[in-house]
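Notes follow once the structure below has been shown.
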Amino acid sequence: MKRFGLAMQIVVGLILGILVGAIFYGNPAVATYLQPIGDIFLRLIKMIVVPIVVATLIVGVAGVGDMKKLGKIGGKTILYFEIVTTIAIIIGLLAANIFQPGVGVDRTVLTKTDIHKYVDTAESTQSHGMVETFVKIVPTNIFDSLARGDMLAIIFFSVLFGLGVAAAGEKGRPVLNFFNGVADAMFWVVNTIMRFAPFGVFALIGVTVSKFGLSSLIPLGKLVILVHVAMVFFILVVLGIIARISGVKITSILRVLKDELLLAYSTSSSETVLPKIMEKMEKMGCPKAIASFVIPTGYSFNLDGSTLYQALAALFIAQMYGIHMPISTQITLMLVLMVTSKGIAGVPGVSFVVLLATLGSVGLPVEGLAFIAGVDRLMDMARTVVNVVGNALAAIVISRWEGQFDQKKADNYVQAVKADPSAA
């Protein structure tokens with residue numbers, strides 16, 4: 001019974017959810033009964049993310065205690081994020097150009113999905129440029145930012161507060177002890193909530209499968225398959241090379257994060273695994289200060305899977321409508337995505353919102369998104385996994401770059417997980 005760990009329980013939940021969704025396909029009762037279970041699980045996760053990020057970041061930054069050093073880490077982090085997301089966009093463009101998934105797709109047999117909710121969100125974020133992103137990092141009211149889960153503003157405040165605790169010296173010690181206690185208590189809460197994960201996965205995947213049928217999937221099968229293949233290529237080759245340069249194997253990271261990757265894939269939410277990734281990257285040799293800063297920041301600035309998908313989906317729509325996209329236009333698309341994909345991770349359907357804000361700038365019809373919205377959930381599962389792996393690796397890269405990565409600790413942890421998967 002001990003071997004029936006979380007990963008296996010999630011797989012069982014995933015399979016049962018698919019079976020229930022397939023058997024009761026088109027039956028609204030599935031959503032009526034299962035959606036509340038999935039929503040409760042997602043709400044439980046959202047409930048704990050902010051306290052964990054605040055507590056671990058304050059403790060980590062107070063441990064560094066040097067603004068100049070922290071600024072250097074921040075600069076390296078943003079530079080790394082920009083390089084990797086640019087590579088992800090290029091991979092997406094290359095995949096679309098080589099395999100041309102949109103060529104020959106008959107729009108008359110596709111089911112259109114209502115995308116008005118995304119259009120409204122896109123219009124409200126249309127003027128959202130890089131400068132505005134950095135302005136909004138500074139909160140006007142930290143309690144309002146905490147309530148809304150505005151991660152960039154929360155990170156900014158926590159970093160400053162952590163530096164303040166460090167500057168207070170001995171007087172700041174009780175404050176540091178308090179947040180240390182909060183962090184320890186919240187990780188206990190995380191482990192408790194994770195026991196509910198298989199039920200959450202069962203409910204969420206069951207509702208999804210019951211809503212879409214093979215009739216809507218088959219015409220877009222080439223796009224769905226290509227997105228998954230491109231994501232696997234990006235993880236194993238691009239991130240694999242970066243991992244090797246950083247002194248670790250990408251397969252070791254995947255082994256350590258197997259529970260989290262299964263959970264992220266089946267829920268299409270990277271937020272569900274944020275606390276556990278931070279905890280595991282610390283076990284893998286990253287200092288608390290770097291792991292607690294880099295990983296939450298990556299949730300807004302390092303969405304490798306999302307940017308790869310956005311580039312691929314934009315060209316798919318162009319090919320579907322028979323619109324020629326010369327290299328110059330594709331370079332424009334890449335530059336626009338480099339800006340629009342940053343800082344709006346907190347809005348619903350972020351990849352769709354970014355695409356809506358981007359398609360018009362390169363002369364592509366926005367209504368094309370209505371054709372692929374029905375299968376977006378399937379592709380969202382793949383891009384979520386890439387986002388998770390990319391941010392976990394980023395913590396190792398920055399730790400190595402700063403000369404603070406504990407290789408021996410990483411090797412011991414990986415060996416322990418190999419010997420006993422439950423040790424993860």
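Every chain in the structure tokens takes a letter, A first, then B, and so on in the order presented; its residues are numbered from 1, and the ligands are numbered from 1 following the presented order.
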
At a cut-off of 12 Å, using only C-alpha atoms, what residues contact segment 75-79 of chain A? Leave out same-chain residues fewer than 2 positions from it and give the result as a short mmCIF file (atom, residue, chain, number, x, y, z; two decimals) with N, CA and C atoms, in the first residue's frame.
```
data_model
loop_
_atom_site.label_atom_id
_atom_site.label_comp_id
_atom_site.auth_asym_id
_atom_site.auth_seq_id
_atom_site.Cartn_x
_atom_site.Cartn_y
_atom_site.Cartn_z
N LYS A 68 22.04 44.95 -2.98
CA LYS A 68 22.86 44.90 -4.20
C LYS A 68 22.91 43.47 -4.74
N LYS A 69 23.11 42.51 -3.84
CA LYS A 69 23.19 41.11 -4.23
C LYS A 69 21.85 40.63 -4.79
N LEU A 70 20.76 41.06 -4.13
CA LEU A 70 19.42 40.67 -4.57
C LEU A 70 19.09 41.28 -5.93
N GLY A 71 19.53 42.53 -6.15
CA GLY A 71 19.32 43.20 -7.43
C GLY A 71 20.03 42.47 -8.55
N LYS A 72 21.22 41.95 -8.24
CA LYS A 72 21.99 41.19 -9.23
C LYS A 72 21.26 39.90 -9.60
N ILE A 73 20.69 39.23 -8.58
CA ILE A 73 19.93 38.00 -8.82
C ILE A 73 18.71 38.31 -9.69
N PHE A 81 15.03 34.63 -18.24
CA PHE A 81 13.64 34.42 -18.65
C PHE A 81 13.42 34.89 -20.09
N GLU A 82 13.95 36.06 -20.42
CA GLU A 82 13.74 36.63 -21.76
C GLU A 82 14.39 35.77 -22.83
N ILE A 83 15.59 35.27 -22.54
CA ILE A 83 16.30 34.42 -23.52
C ILE A 83 15.52 33.12 -23.77
N VAL A 84 15.10 32.47 -22.69
CA VAL A 84 14.43 31.15 -22.84
C VAL A 84 13.05 31.28 -23.48
N THR A 85 12.29 32.31 -23.11
CA THR A 85 10.96 32.48 -23.73
C THR A 85 11.09 32.84 -25.21
N THR A 86 12.15 33.56 -25.56
CA THR A 86 12.39 33.88 -26.98
C THR A 86 12.69 32.59 -27.76
N PHE A 134 5.98 46.97 -15.39
CA PHE A 134 6.91 47.34 -14.32
C PHE A 134 6.32 48.37 -13.37
N ILE A 290 16.80 32.17 -3.41
CA ILE A 290 16.70 32.12 -4.88
C ILE A 290 15.45 31.38 -5.32
N ALA A 291 15.18 30.21 -4.72
CA ALA A 291 14.00 29.42 -5.10
C ALA A 291 12.71 30.20 -4.84
N PHE A 293 12.30 33.36 -4.79
CA PHE A 293 12.20 34.57 -5.63
C PHE A 293 12.00 34.20 -7.10
N VAL A 294 12.82 33.30 -7.61
CA VAL A 294 12.83 32.98 -9.04
C VAL A 294 11.54 32.29 -9.48
N ILE A 295 11.06 31.29 -8.73
CA ILE A 295 9.92 30.48 -9.18
C ILE A 295 8.62 31.30 -9.24
N PRO A 296 8.24 32.04 -8.18
CA PRO A 296 7.02 32.86 -8.31
C PRO A 296 7.14 33.93 -9.41
N THR A 297 8.33 34.53 -9.56
CA THR A 297 8.52 35.53 -10.61
C THR A 297 8.36 34.90 -11.99
N GLY A 298 8.83 33.66 -12.12
CA GLY A 298 8.71 32.95 -13.39
C GLY A 298 7.28 32.71 -13.80
N TYR A 299 6.36 32.68 -12.84
CA TYR A 299 4.94 32.47 -13.16
C TYR A 299 4.35 33.64 -13.95
N SER A 300 5.04 34.77 -13.94
CA SER A 300 4.61 35.91 -14.75
C SER A 300 5.53 36.18 -15.93
N PHE A 301 6.81 35.87 -15.78
CA PHE A 301 7.79 36.25 -16.80
C PHE A 301 8.40 35.06 -17.57
N ASN A 302 8.14 33.83 -17.15
CA ASN A 302 8.83 32.70 -17.77
C ASN A 302 7.84 31.59 -18.13
N LYS A 342 4.31 38.95 -21.11
CA LYS A 342 4.90 39.19 -19.78
C LYS A 342 3.90 39.87 -18.84
N GLY A 343 3.84 39.35 -17.62
CA GLY A 343 3.18 40.07 -16.53
C GLY A 343 1.69 39.93 -16.41
N ASN A 391 10.24 26.70 -14.94
CA ASN A 391 10.46 27.51 -13.74
C ASN A 391 11.25 26.77 -12.68
N LEU A 393 13.60 24.54 -13.39
CA LEU A 393 14.97 24.59 -13.90
C LEU A 393 15.58 25.97 -13.72
N ALA A 394 14.76 27.01 -13.86
CA ALA A 394 15.26 28.39 -13.72
C ALA A 394 15.89 28.61 -12.35
N ALA A 395 15.28 28.02 -11.30
CA ALA A 395 15.83 28.17 -9.94
C ALA A 395 17.22 27.55 -9.86
N ILE A 396 17.42 26.41 -10.53
CA ILE A 396 18.73 25.75 -10.55
C ILE A 396 19.74 26.57 -11.34
N VAL A 397 19.31 27.10 -12.50
CA VAL A 397 20.20 27.90 -13.35
C VAL A 397 20.71 29.14 -12.62
N ILE A 398 19.79 29.87 -11.98
CA ILE A 398 20.19 31.10 -11.28
C ILE A 398 21.05 30.78 -10.06
N SER A 399 20.73 29.68 -9.37
CA SER A 399 21.54 29.25 -8.22
C SER A 399 22.96 28.92 -8.66
N ARG A 400 23.07 28.21 -9.80
CA ARG A 400 24.38 27.86 -10.36
C ARG A 400 25.12 29.12 -10.80
N TRP A 401 24.42 30.03 -11.46
CA TRP A 401 25.00 31.28 -11.95
C TRP A 401 25.55 32.11 -10.80
N GLU A 402 24.87 32.04 -9.66
CA GLU A 402 25.30 32.79 -8.48
C GLU A 402 26.36 32.04 -7.67
#
```

task = Extract, using only C-alpha atoms, all DNA, RNA and protein residues at most 8 Å from Thr272 of chain A, discarding same-chain residues fewer than 2 positions from it, and format them as a list in words.
result =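 My list of contacting residues is Leu42, Ile45, Lys46, Leu263, Ala264, Ser269, Ser270, Leu274 and Pro275 of chain A.
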
Write the residues you've just listed into a file as an mmCIF file, in the first residue's frame, and include N, CA, C and O atoms for each of them.
```cif
data_model
loop_
_atom_site.group_PDB
_atom_site.id
_atom_site.type_symbol
_atom_site.label_atom_id
_atom_site.label_comp_id
_atom_site.auth_asym_id
_atom_site.auth_seq_id
_atom_site.Cartn_x
_atom_site.Cartn_y
_atom_site.Cartn_z
ATOM 1 N N LEU A 42 -9.227 23.550 -6.524
ATOM 2 C CA LEU A 42 -8.499 24.717 -7.051
ATOM 3 C C LEU A 42 -8.524 25.882 -6.056
ATOM 4 O O LEU A 42 -7.535 26.600 -5.895
ATOM 5 N N ILE A 45 -6.009 25.321 -3.276
ATOM 6 C CA ILE A 45 -4.647 25.647 -3.714
ATOM 7 C C ILE A 45 -4.440 27.151 -3.736
ATOM 8 O O ILE A 45 -3.430 27.662 -3.237
ATOM 9 N N LYS A 46 -5.392 27.879 -4.325
ATOM 10 C CA LYS A 46 -5.259 29.340 -4.404
ATOM 11 C C LYS A 46 -5.197 29.961 -3.010
ATOM 12 O O LYS A 46 -4.544 30.978 -2.800
ATOM 13 N N LEU A 263 -0.086 16.372 -11.739
ATOM 14 C CA LEU A 263 -1.136 17.232 -11.195
ATOM 15 C C LEU A 263 -1.339 18.460 -12.087
ATOM 16 O O LEU A 263 -2.478 18.831 -12.408
ATOM 17 N N ALA A 264 -0.235 19.077 -12.517
ATOM 18 C CA ALA A 264 -0.308 20.261 -13.385
ATOM 19 C C ALA A 264 -0.950 19.896 -14.720
ATOM 20 O O ALA A 264 -1.775 20.643 -15.258
ATOM 21 N N SER A 269 -3.298 23.677 -14.423
ATOM 22 C CA SER A 269 -2.993 24.813 -13.552
ATOM 23 C C SER A 269 -1.608 24.649 -12.928
ATOM 24 O O SER A 269 -1.369 23.699 -12.182
ATOM 25 N N SER A 270 -0.712 25.571 -13.246
ATOM 26 C CA SER A 270 0.626 25.525 -12.656
ATOM 27 C C SER A 270 0.603 26.044 -11.222
ATOM 28 O O SER A 270 1.498 25.767 -10.428
ATOM 29 N N LEU A 274 2.829 25.222 -7.313
ATOM 30 C CA LEU A 274 3.840 26.235 -6.946
ATOM 31 C C LEU A 274 4.498 25.970 -5.595
ATOM 32 O O LEU A 274 5.735 25.957 -5.498
ATOM 33 N N PRO A 275 3.720 25.728 -4.531
ATOM 34 C CA PRO A 275 4.373 25.506 -3.223
ATOM 35 C C PRO A 275 5.316 24.307 -3.209
ATOM 36 O O PRO A 275 6.413 24.367 -2.647
#
```

Residue contacts of segment 411-417 of chain A (7 Å, only C-alpha atoms) excluding same-chain residues fewer than 3 positions away, as a PDB file with C-alpha atoms, in the first residue's frame:
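Writing done, so here's part22.pdb:
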```pdb
ATOM      1  CA  SER A 252      16.376  13.926 -12.808  1.00  0.00           C
ATOM      2  CA  VAL A 256      11.713  14.554  -8.760  1.00  0.00           C
ATOM      3  CA  LYS A 283      15.783  20.015  -1.459  1.00  0.00           C
ATOM      4  CA  MET A 284      17.595  19.855  -4.789  1.00  0.00           C
ATOM      5  CA  GLN A 407      25.565  19.914  -6.231  1.00  0.00           C
ATOM      6  CA  LYS A 408      26.131  17.320  -3.511  1.00  0.00           C
ATOM      7  CA  ASP A 420      12.457   5.353  -3.086  1.00  0.00           C
ATOM      8  CA  PRO A 421      10.074   7.461  -5.248  1.00  0.00           C
ATOM      9  CA  SER A 422       8.047   8.377  -2.162  1.00  0.00           C
ATOM     10  CA  ALA A 423      11.128  10.284  -0.871  1.00  0.00           C
ATOM     11  CA  ALA A 424      10.292  13.054  -3.366  1.00  0.00           C
TER      12      ALA A 424
END
```

ask   = Gly17 of chain A: which residues within 6 Å, counting only C-alpha atoms, same-chain residues fewer than 2 positions away excluded, as a PyMOL selection string?
value = chain A and resi 13-15+19-20+202+205-206

Create the file for the chosen residues now, containing all heavy atoms and written as a short mmCIF file (atom, residue, chain, number, x, y, z; two decimals), in the first residue's frame.
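Wrote it out as part35.cif, contents follow:
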```cif
data_model
loop_
_atom_site.label_atom_id
_atom_site.label_comp_id
_atom_site.auth_asym_id
_atom_site.auth_seq_id
_atom_site.Cartn_x
_atom_site.Cartn_y
_atom_site.Cartn_z
N GLY A 13 -7.16 8.72 -10.66
CA GLY A 13 -8.18 9.77 -10.75
C GLY A 13 -8.35 10.26 -12.19
O GLY A 13 -9.47 10.50 -12.65
N LEU A 14 -7.23 10.40 -12.90
CA LEU A 14 -7.23 10.85 -14.29
C LEU A 14 -7.97 9.86 -15.19
O LEU A 14 -8.84 10.23 -15.98
CB LEU A 14 -5.78 11.02 -14.76
CG LEU A 14 -5.52 11.65 -16.13
CD1 LEU A 14 -5.99 13.10 -16.14
CD2 LEU A 14 -4.04 11.59 -16.46
N ILE A 15 -7.64 8.56 -15.05
CA ILE A 15 -8.27 7.51 -15.87
C ILE A 15 -9.77 7.41 -15.58
O ILE A 15 -10.60 7.35 -16.51
CB ILE A 15 -7.58 6.15 -15.62
CG1 ILE A 15 -6.13 6.19 -16.15
CG2 ILE A 15 -8.35 5.02 -16.30
CD1 ILE A 15 -5.28 5.01 -15.73
N LEU A 19 -12.94 8.12 -18.13
CA LEU A 19 -13.99 7.12 -18.35
C LEU A 19 -15.38 7.68 -18.06
O LEU A 19 -16.30 7.52 -18.87
CB LEU A 19 -13.73 5.89 -17.46
CG LEU A 19 -12.58 4.96 -17.88
CD1 LEU A 19 -12.34 3.90 -16.82
CD2 LEU A 19 -12.89 4.31 -19.23
N VAL A 20 -15.51 8.36 -16.93
CA VAL A 20 -16.81 8.94 -16.56
C VAL A 20 -17.24 10.00 -17.58
O VAL A 20 -18.39 10.04 -18.02
CB VAL A 20 -16.75 9.56 -15.14
CG1 VAL A 20 -17.99 10.40 -14.86
CG2 VAL A 20 -16.62 8.46 -14.10
N PHE A 202 -9.89 13.93 -10.82
CA PHE A 202 -11.02 13.13 -11.32
C PHE A 202 -12.18 14.04 -11.75
O PHE A 202 -12.73 13.88 -12.85
CB PHE A 202 -11.49 12.16 -10.22
CG PHE A 202 -12.84 11.56 -10.46
CD1 PHE A 202 -13.01 10.56 -11.41
CD2 PHE A 202 -13.95 12.02 -9.76
CE1 PHE A 202 -14.27 10.00 -11.64
CE2 PHE A 202 -15.21 11.47 -9.98
CZ PHE A 202 -15.37 10.47 -10.93
N ILE A 205 -11.09 16.58 -14.89
CA ILE A 205 -10.91 15.91 -16.18
C ILE A 205 -12.23 15.29 -16.64
O ILE A 205 -12.54 15.24 -17.84
CB ILE A 205 -9.78 14.85 -16.13
CG1 ILE A 205 -9.17 14.65 -17.53
CG2 ILE A 205 -10.25 13.54 -15.57
CD1 ILE A 205 -8.34 15.80 -18.01
N GLY A 206 -13.05 14.82 -15.69
CA GLY A 206 -14.35 14.26 -16.02
C GLY A 206 -15.26 15.29 -16.68
O GLY A 206 -15.92 15.00 -17.69
#
```

note = From the list A:Ile242, A:Leu378, A:Met186, A:Leu254, the nearest residue to Gly221 of chain A using only C-alpha atoms is A:Leu378

message = Between atom CA of Pro36 of chain A and atom CA of Pro198 of chain A, what distance in Å does the model show, to one decimal?
response =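 Distance reported for this atom pair: 14.3 Å.
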
task = Fewer than 4 positions away in the same chain doesn't count, so skip those; otherwise give me all residues within 12 Å of Thr384 of chain A, counting only C-alpha atoms, as an MDAnalysis selection string.
result = chainID A and resid 227:228 231:232 235 260:274 299 302:309 345 349:351 376:380 388:391

inquiry  = So that I can check the surroundings of Val366 of chain A, please list as a list in words every protein, DNA and RNA residue that reaches within 12 Å of it, counting only C-alpha atoms and ignoring chain neighbours fewer than 2 positions away.
reply    =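 Surrounding residues, per the criterion: Ile115, His116, Tyr118, Val119, Ala122, Ala313, Ala314, Ile317, Ala318, Tyr321, Phe352, Val353, Val354, Leu355, Leu356, Ala357, Thr358, Leu359, Gly360, Ser361, Val362, Gly363, Leu364, Gly368, Leu369, Ala370, Phe371, Ile372 and Ala373 of chain A.
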
ask   = What does the distance between atom CA of Phe41 of chain A and atom CA of Val201 of chain A come to in Å, to one decimal place?
value =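 Atom-to-atom, atom CA of Phe41 of chain A and atom CA of Val201 of chain A are spaced 8.6 Å apart.
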
request  = Mind giving me the straight-line distance from atom CA of Ala147 of chain A to atom CA of Arg43 of chain A in Å, one decimal?
outcome  =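 Atom-to-atom, atom CA of Ala147 of chain A and atom CA of Arg43 of chain A are spaced 13.3 Å apart.
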
task = Would you mind telling me which residue in A:Val209, A:Gly164, A:Ile91, A:Asn191 lies nearest to Ile23 of chain A when using only C-alpha atoms?
result =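 Of A:Val209, A:Gly164, A:Ile91, A:Asn191, the one nearest Ile23 of chain A is A:Val209, counting only C-alpha atoms.
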
request  = Using DSSP on the backbone coordinates, identify all residues within segment 98-287 of chain A classified as helix (DSSP H, G or I); present the result as a PyMOL selection string.
outcome  = chain A and resi 98-99+107-109+116-124+130-136+142-148+151-167+169-211+214-245+250-256+258-267+271-283

Using only C-alpha atoms, which residues of segment 272-341 of chain A come within 8 Å of segment 94-106 of chain A, and what is the closest atom pair for each, with the distance in Å to one decimal? Give it as CSV, sorted by chain and residue number.
```
residue,atom,partner,partner_atom,distance
A:Leu312,CA,A:Ala96,CA,5.4
A:Leu315,CA,A:Ala96,CA,6.2
A:Phe316,CA,A:Gly102,CA,4.6
A:Ile317,CA,A:Gly102,CA,6.5
A:Ala318,CA,A:Gly102,CA,7.5
A:Gln319,CA,A:Gly102,CA,4.7
A:Met320,CA,A:Gly102,CA,4.5
A:Gly322,CA,A:Val103,CA,7.5
```

ask   = Using only C-alpha atoms, which residue out of A:Arg255, A:Val189, A:Ser246, A:Thr56 lies closest to Asn177 of chain A?
value = A:Thr56
